[in-house]
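This is my_file_22.pdb. It holds PDB, C-alpha atoms.
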```
ATOM      1  CA  MET A   1       1.427   2.883 -14.706  1.00  0.00           C
ATOM      2  CA  THR A   2       3.999   3.590 -12.019  1.00  0.00           C
ATOM      3  CA  LEU A   3       3.920   6.361  -9.465  1.00  0.00           C
ATOM      4  CA  ASP A   4       5.308   9.743 -10.534  1.00  0.00           C
ATOM      5  CA  ALA A   5       7.572  11.127  -7.788  1.00  0.00           C
ATOM      6  CA  THR A   6       5.855  14.536  -7.921  1.00  0.00           C
ATOM      7  CA  ALA A   7       2.400  13.078  -7.258  1.00  0.00           C
ATOM      8  CA  ALA A   8       0.881  11.712  -4.100  1.00  0.00           C
ATOM      9  CA  GLY A   9      -0.170   8.091  -4.289  1.00  0.00           C
ATOM     10  CA  ILE A  10       0.736   4.456  -3.901  1.00  0.00           C
ATOM     11  CA  ASP A  11       2.215   1.877  -6.260  1.00  0.00           C
ATOM     12  CA  LEU A  12       2.282  -1.880  -5.593  1.00  0.00           C
ATOM     13  CA  ARG A  13       4.220  -4.136  -8.031  1.00  0.00           C
ATOM     14  CA  ILE A  14       5.239  -7.771  -8.322  1.00  0.00           C
ATOM     15  CA  VAL A  15       9.050  -7.946  -8.204  1.00  0.00           C
ATOM     16  CA  TRP A  16       9.509 -11.725  -8.167  1.00  0.00           C
ATOM     17  CA  PHE A  17       7.619 -14.936  -7.455  1.00  0.00           C
ATOM     18  CA  ASP A  18       8.141 -18.667  -7.164  1.00  0.00           C
ATOM     19  CA  ASN A  19       5.841 -21.590  -6.363  1.00  0.00           C
ATOM     20  CA  ASP A  20       5.354 -20.444  -2.768  1.00  0.00           C
ATOM     21  CA  MET A  21       5.212 -16.652  -2.583  1.00  0.00           C
ATOM     22  CA  LEU A  22       5.359 -13.194  -4.149  1.00  0.00           C
ATOM     23  CA  GLU A  23       7.914 -10.504  -3.579  1.00  0.00           C
ATOM     24  CA  LEU A  24       6.114  -7.172  -3.774  1.00  0.00           C
ATOM     25  CA  ARG A  25       7.398  -3.612  -3.882  1.00  0.00           C
ATOM     26  CA  VAL A  26       5.418  -0.667  -2.526  1.00  0.00           C
ATOM     27  CA  ILE A  27       6.262   2.946  -3.255  1.00  0.00           C
ATOM     28  CA  ALA A  28       4.201   5.606  -1.476  1.00  0.00           C
ATOM     29  CA  SER A  29       4.384   9.382  -1.748  1.00  0.00           C
ATOM     30  CA  ASN A  30       2.493  12.294  -0.260  1.00  0.00           C
ATOM     31  CA  GLY A  31       3.852  14.580  -2.989  1.00  0.00           C
ATOM     32  CA  ILE A  32       6.755  15.716  -0.816  1.00  0.00           C
ATOM     33  CA  PHE A  33       8.172  12.595   0.842  1.00  0.00           C
ATOM     34  CA  VAL A  34       8.528   9.126  -0.676  1.00  0.00           C
ATOM     35  CA  GLY A  35       8.938   5.706   0.945  1.00  0.00           C
ATOM     36  CA  GLU A  36       9.755   2.390  -0.733  1.00  0.00           C
ATOM     37  CA  THR A  37      10.069  -1.182   0.493  1.00  0.00           C
ATOM     38  CA  THR A  38       9.955  -4.774  -0.688  1.00  0.00           C
ATOM     39  CA  PHE A  39       8.529  -7.758   1.145  1.00  0.00           C
ATOM     40  CA  TYR A  40       7.285 -11.316   0.733  1.00  0.00           C
ATOM     41  CA  GLU A  41       3.586 -12.129   0.699  1.00  0.00           C
ATOM     42  CA  SER A  42       1.141 -14.854  -0.281  1.00  0.00           C
ATOM     43  CA  PHE A  43      -0.329 -15.050  -3.770  1.00  0.00           C
ATOM     44  CA  GLU A  44      -3.661 -13.924  -2.300  1.00  0.00           C
ATOM     45  CA  CYS A  45      -2.313 -10.640  -0.926  1.00  0.00           C
ATOM     46  CA  PRO A  46      -3.440  -8.329  -3.783  1.00  0.00           C
ATOM     47  CA  THR A  47      -6.913  -9.911  -3.832  1.00  0.00           C
ATOM     48  CA  ASN A  48      -7.200  -9.759  -0.044  1.00  0.00           C
ATOM     49  CA  PHE A  49      -6.109  -6.107  -0.086  1.00  0.00           C
ATOM     50  CA  ALA A  50      -8.763  -5.315  -2.720  1.00  0.00           C
ATOM     51  CA  ARG A  51     -11.458  -7.090  -0.716  1.00  0.00           C
ATOM     52  CA  SER A  52     -10.481  -5.294   2.482  1.00  0.00           C
ATOM     53  CA  ILE A  53     -10.957  -1.816   0.989  1.00  0.00           C
ATOM     54  CA  ALA A  54     -13.747  -2.479  -1.544  1.00  0.00           C
ATOM     55  CA  GLY A  55     -16.728  -0.172  -0.979  1.00  0.00           C
ATOM     56  CA  PHE A  56     -14.829   2.148   1.354  1.00  0.00           C
ATOM     57  CA  PRO A  57     -16.237   4.267   2.872  1.00  0.00           C
ATOM     58  CA  SER A  58     -19.634   2.918   3.776  1.00  0.00           C
ATOM     59  CA  THR A  59     -20.041   5.387   6.674  1.00  0.00           C
ATOM     60  CA  SER A  60     -18.352   8.664   7.580  1.00  0.00           C
ATOM     61  CA  GLU A  61     -16.824   7.136  10.725  1.00  0.00           C
ATOM     62  CA  GLU A  62     -15.472   3.988   9.092  1.00  0.00           C
ATOM     63  CA  VAL A  63     -11.777   3.072   9.275  1.00  0.00           C
ATOM     64  CA  ARG A  64     -10.180   0.136   7.450  1.00  0.00           C
ATOM     65  CA  THR A  65      -6.687  -1.235   7.903  1.00  0.00           C
ATOM     66  CA  PHE A  66      -4.515  -3.688   5.997  1.00  0.00           C
ATOM     67  CA  VAL A  67      -0.989  -4.948   6.648  1.00  0.00           C
ATOM     68  CA  MET A  68       1.416  -6.452   4.137  1.00  0.00           C
ATOM     69  CA  GLY A  69       4.859  -7.931   4.575  1.00  0.00           C
ATOM     70  CA  ASN A  70       6.925  -8.368   7.688  1.00  0.00           C
ATOM     71  CA  THR A  71       5.271  -7.228  10.904  1.00  0.00           C
ATOM     72  CA  ASN A  72       7.623  -9.053  13.297  1.00  0.00           C
ATOM     73  CA  ASN A  73      10.664  -6.780  12.854  1.00  0.00           C
ATOM     74  CA  ASP A  74      12.830  -9.894  12.560  1.00  0.00           C
ATOM     75  CA  GLY A  75      15.088  -8.549   9.816  1.00  0.00           C
ATOM     76  CA  LEU A  76      13.255 -10.170   6.895  1.00  0.00           C
ATOM     77  CA  LEU A  77      12.603  -7.452   4.355  1.00  0.00           C
ATOM     78  CA  GLY A  78      10.080  -4.699   4.936  1.00  0.00           C
ATOM     79  CA  GLY A  79       6.401  -4.189   5.450  1.00  0.00           C
ATOM     80  CA  VAL A  80       3.520  -1.788   5.027  1.00  0.00           C
ATOM     81  CA  SER A  81       0.599  -0.858   7.297  1.00  0.00           C
ATOM     82  CA  LEU A  82      -2.267   1.015   5.654  1.00  0.00           C
ATOM     83  CA  LYS A  83      -5.110   2.839   7.374  1.00  0.00           C
ATOM     84  CA  PHE A  84      -7.966   4.274   5.312  1.00  0.00           C
ATOM     85  CA  SER A  85     -10.142   6.858   7.090  1.00  0.00           C
ATOM     86  CA  ASN A  86     -12.522   9.752   6.457  1.00  0.00           C
ATOM     87  CA  LEU A  87     -11.375  13.323   6.890  1.00  0.00           C
ATOM     88  CA  ASP A  88     -14.924  14.675   6.772  1.00  0.00           C
ATOM     89  CA  LYS A  89     -18.448  13.806   5.615  1.00  0.00           C
ATOM     90  CA  MET A  90     -17.872  15.237   2.130  1.00  0.00           C
ATOM     91  CA  GLY A  91     -15.878  12.353   0.633  1.00  0.00           C
ATOM     92  CA  HIS A  92     -12.390  13.504   1.546  1.00  0.00           C
ATOM     93  CA  LEU A  93     -10.391  10.473   2.638  1.00  0.00           C
ATOM     94  CA  ASN A  94      -6.943   9.870   4.073  1.00  0.00           C
ATOM     95  CA  LEU A  95      -4.580   6.977   3.566  1.00  0.00           C
ATOM     96  CA  GLU A  96      -2.099   6.781   6.428  1.00  0.00           C
ATOM     97  CA  ILE A  97       0.731   4.500   5.387  1.00  0.00           C
ATOM     98  CA  PHE A  98       3.587   3.278   7.556  1.00  0.00           C
ATOM     99  CA  ILE A  99       6.276   1.791   5.340  1.00  0.00           C
ATOM    100  CA  HIS A 100       9.480   0.223   6.632  1.00  0.00           C
ATOM    101  CA  GLY A 101      12.572  -1.570   5.448  1.00  0.00           C
ATOM    102  CA  ASN A 102      14.532  -4.368   7.051  1.00  0.00           C
ATOM    103  CA  ALA A 103      14.843  -4.398  10.823  1.00  0.00           C
ATOM    104  CA  THR A 104      18.168  -4.710  12.594  1.00  0.00           C
ATOM    105  CA  GLU A 105      19.246  -7.946  14.284  1.00  0.00           C
ATOM    106  CA  VAL A 106      17.609  -6.776  17.519  1.00  0.00           C
ATOM    107  CA  GLY A 107      14.321  -5.893  15.807  1.00  0.00           C
ATOM    108  CA  GLU A 108      14.831  -2.122  15.612  1.00  0.00           C
ATOM    109  CA  LEU A 109      13.342  -0.309  12.628  1.00  0.00           C
ATOM    110  CA  THR A 110      15.894   2.194  11.359  1.00  0.00           C
ATOM    111  CA  GLU A 111      14.416   2.887   7.916  1.00  0.00           C
ATOM    112  CA  PHE A 112      10.760   3.906   7.858  1.00  0.00           C
ATOM    113  CA  ALA A 113       8.303   6.565   6.768  1.00  0.00           C
ATOM    114  CA  LYS A 114       4.802   7.495   7.858  1.00  0.00           C
ATOM    115  CA  LEU A 115       2.848   9.369   5.208  1.00  0.00           C
ATOM    116  CA  ASN A 116      -0.656  10.774   4.885  1.00  0.00           C
ATOM    117  CA  ILE A 117      -2.052  10.655   1.361  1.00  0.00           C
ATOM    118  CA  PRO A 118      -5.304  12.447   0.457  1.00  0.00           C
ATOM    119  CA  MET A 119      -7.790  10.316  -1.489  1.00  0.00           C
ATOM    120  CA  THR A 120     -11.369  10.198  -2.706  1.00  0.00           C
ATOM    121  CA  PRO A 121     -13.775   7.246  -2.850  1.00  0.00           C
ATOM    122  CA  ALA A 122     -13.120   7.111  -6.625  1.00  0.00           C
ATOM    123  CA  ASP A 123      -9.382   6.663  -5.921  1.00  0.00           C
ATOM    124  CA  VAL A 124     -10.157   3.729  -3.632  1.00  0.00           C
ATOM    125  CA  ASP A 125     -12.468   2.201  -6.269  1.00  0.00           C
ATOM    126  CA  GLU A 126      -9.755   2.530  -8.929  1.00  0.00           C
ATOM    127  CA  LEU A 127      -7.170   0.927  -6.640  1.00  0.00           C
ATOM    128  CA  VAL A 128      -9.556  -1.966  -5.951  1.00  0.00           C
ATOM    129  CA  TYR A 129     -10.165  -2.411  -9.688  1.00  0.00           C
ATOM    130  CA  GLN A 130      -6.440  -2.490 -10.475  1.00  0.00           C
ATOM    131  CA  LEU A 131      -5.694  -4.910  -7.628  1.00  0.00           C
ATOM    132  CA  GLU A 132      -8.424  -7.242  -8.898  1.00  0.00           C
ATOM    133  CA  GLN A 133      -6.941  -7.111 -12.430  1.00  0.00           C
ATOM    134  CA  MET A 134      -3.375  -7.983 -11.355  1.00  0.00           C
ATOM    135  CA  LYS A 135      -1.841 -10.984 -13.102  1.00  0.00           C
ATOM    136  CA  LEU A 136       0.983 -13.186 -11.864  1.00  0.00           C
ATOM    137  CA  ILE A 137       3.573 -11.393 -13.995  1.00  0.00           C
ATOM    138  CA  VAL A 138       6.726  -9.636 -12.810  1.00  0.00           C
ATOM    139  CA  GLY A 139       6.095  -5.892 -13.141  1.00  0.00           C
ATOM    140  CA  ASP A 140       2.305  -6.103 -12.950  1.00  0.00           C
ATOM    141  CA  GLY A 141       0.672  -4.072 -10.230  1.00  0.00           C
ATOM    142  CA  ALA A 142      -1.738  -1.398  -9.084  1.00  0.00           C
ATOM    143  CA  SER A 143      -1.099   2.328  -8.829  1.00  0.00           C
ATOM    144  CA  ILE A 144      -3.034   5.429  -7.821  1.00  0.00           C
ATOM    145  CA  GLU A 145      -1.747   8.961  -8.379  1.00  0.00           C
ATOM    146  CA  ILE A 146      -3.338  11.972  -6.727  1.00  0.00           C
ATOM    147  CA  PHE A 147      -2.008  15.184  -8.264  1.00  0.00           C
ATOM    148  CA  ARG A 148      -1.744  18.093  -5.854  1.00  0.00           C
TER     149      ARG A 148
END
```
Rewrite the structure of this file - the entire thing - as structure tokens.
Amino acid sequence: MTLDATAAGIDLRIVWFDNDMLELRVIASNGIFVGETTFYESFECPTNFARSIAGFPSTSEEVRTFVMGNTNNDGLLGGVSLKFSNLDKMGHLNLEIFIHGNATEVGELTEFAKLNIPMTPADVDELVYQLEQMKLIVGDGASIEIFR
């Protein structure tokens, strides 16, 4: 499944791979705005992402973060920073995602988006499940849609 542009959610897909790395694409939407980027990562990235958010939230104050792709702003493709947090004690969660494209030669980010995506613990569990099921196949991925 890929992300429908009218829904809020996140979609992570394998675009390409070789013996050393993956190229991943992330599309994120809050139902109004959409951001997309591609970046290089290790083969373990989807599994590490799943492990980092598995069981979230365990407390109402818990926050978990995960970063994928280029964080150095050195012009090599894009990157994604994700922050999972609780909005309240009733199971309403928020995914804050900062998604960016290539940086300029001087390290300036000119293409980026910061989105807040509402989620539930079941959405996180489904994302974890899909990430754990990913195979090393171009086009395989994990996707969560939250209809508004």
| query | Which residues come within 12 Å of region 131-147 of chain A, counting all atoms listed in the file, excluding same-chain residues fewer than 5 positions away, as an NGL selection string? | reply | :A and (1-19 or 21-32 or 42-54 or 93-95 or 116-126)
| query | Do you know which residues are at most 7 Å from Ala113 (chain A) counting all atoms listed in the file, after dropping those on the same chain fewer than 6 positions away, and could you put them as a VMD selection string? | reply | chain A and resid 35 98 to 100
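Relative to CA of Thr37 (chain A), CA of Asn70 (chain A) is found at 10.6 Å.
Distance check against Lys114 (chain A) using only C-alpha atoms: of A:Met90, A:Met68, A:Val63, A:Leu82, the minimum falls on A:Leu82.
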| field | Contacts of Leu77 (chain A) within 9 Å, all atoms listed in the file, excl. fewer than 6 positions in-chain, as an NGL selection string | value | :A and (37-40 or 69-70 or 100-103)
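Across the model, the gap from CA of Phe84 (chain A) to CA of Thr65 (chain A) is 6.2 Å.
Reported to one decimal place, the separation of CA of Glu41 (chain A) from CA of Phe66 (chain A) is 12.8 Å.
For the set A:Leu115, A:Gly55, A:Glu36, A:Leu109, the residue with the smallest atom-to-atom gap to Lys83 (chain A) is A:Leu115, counting all atoms listed in the file.
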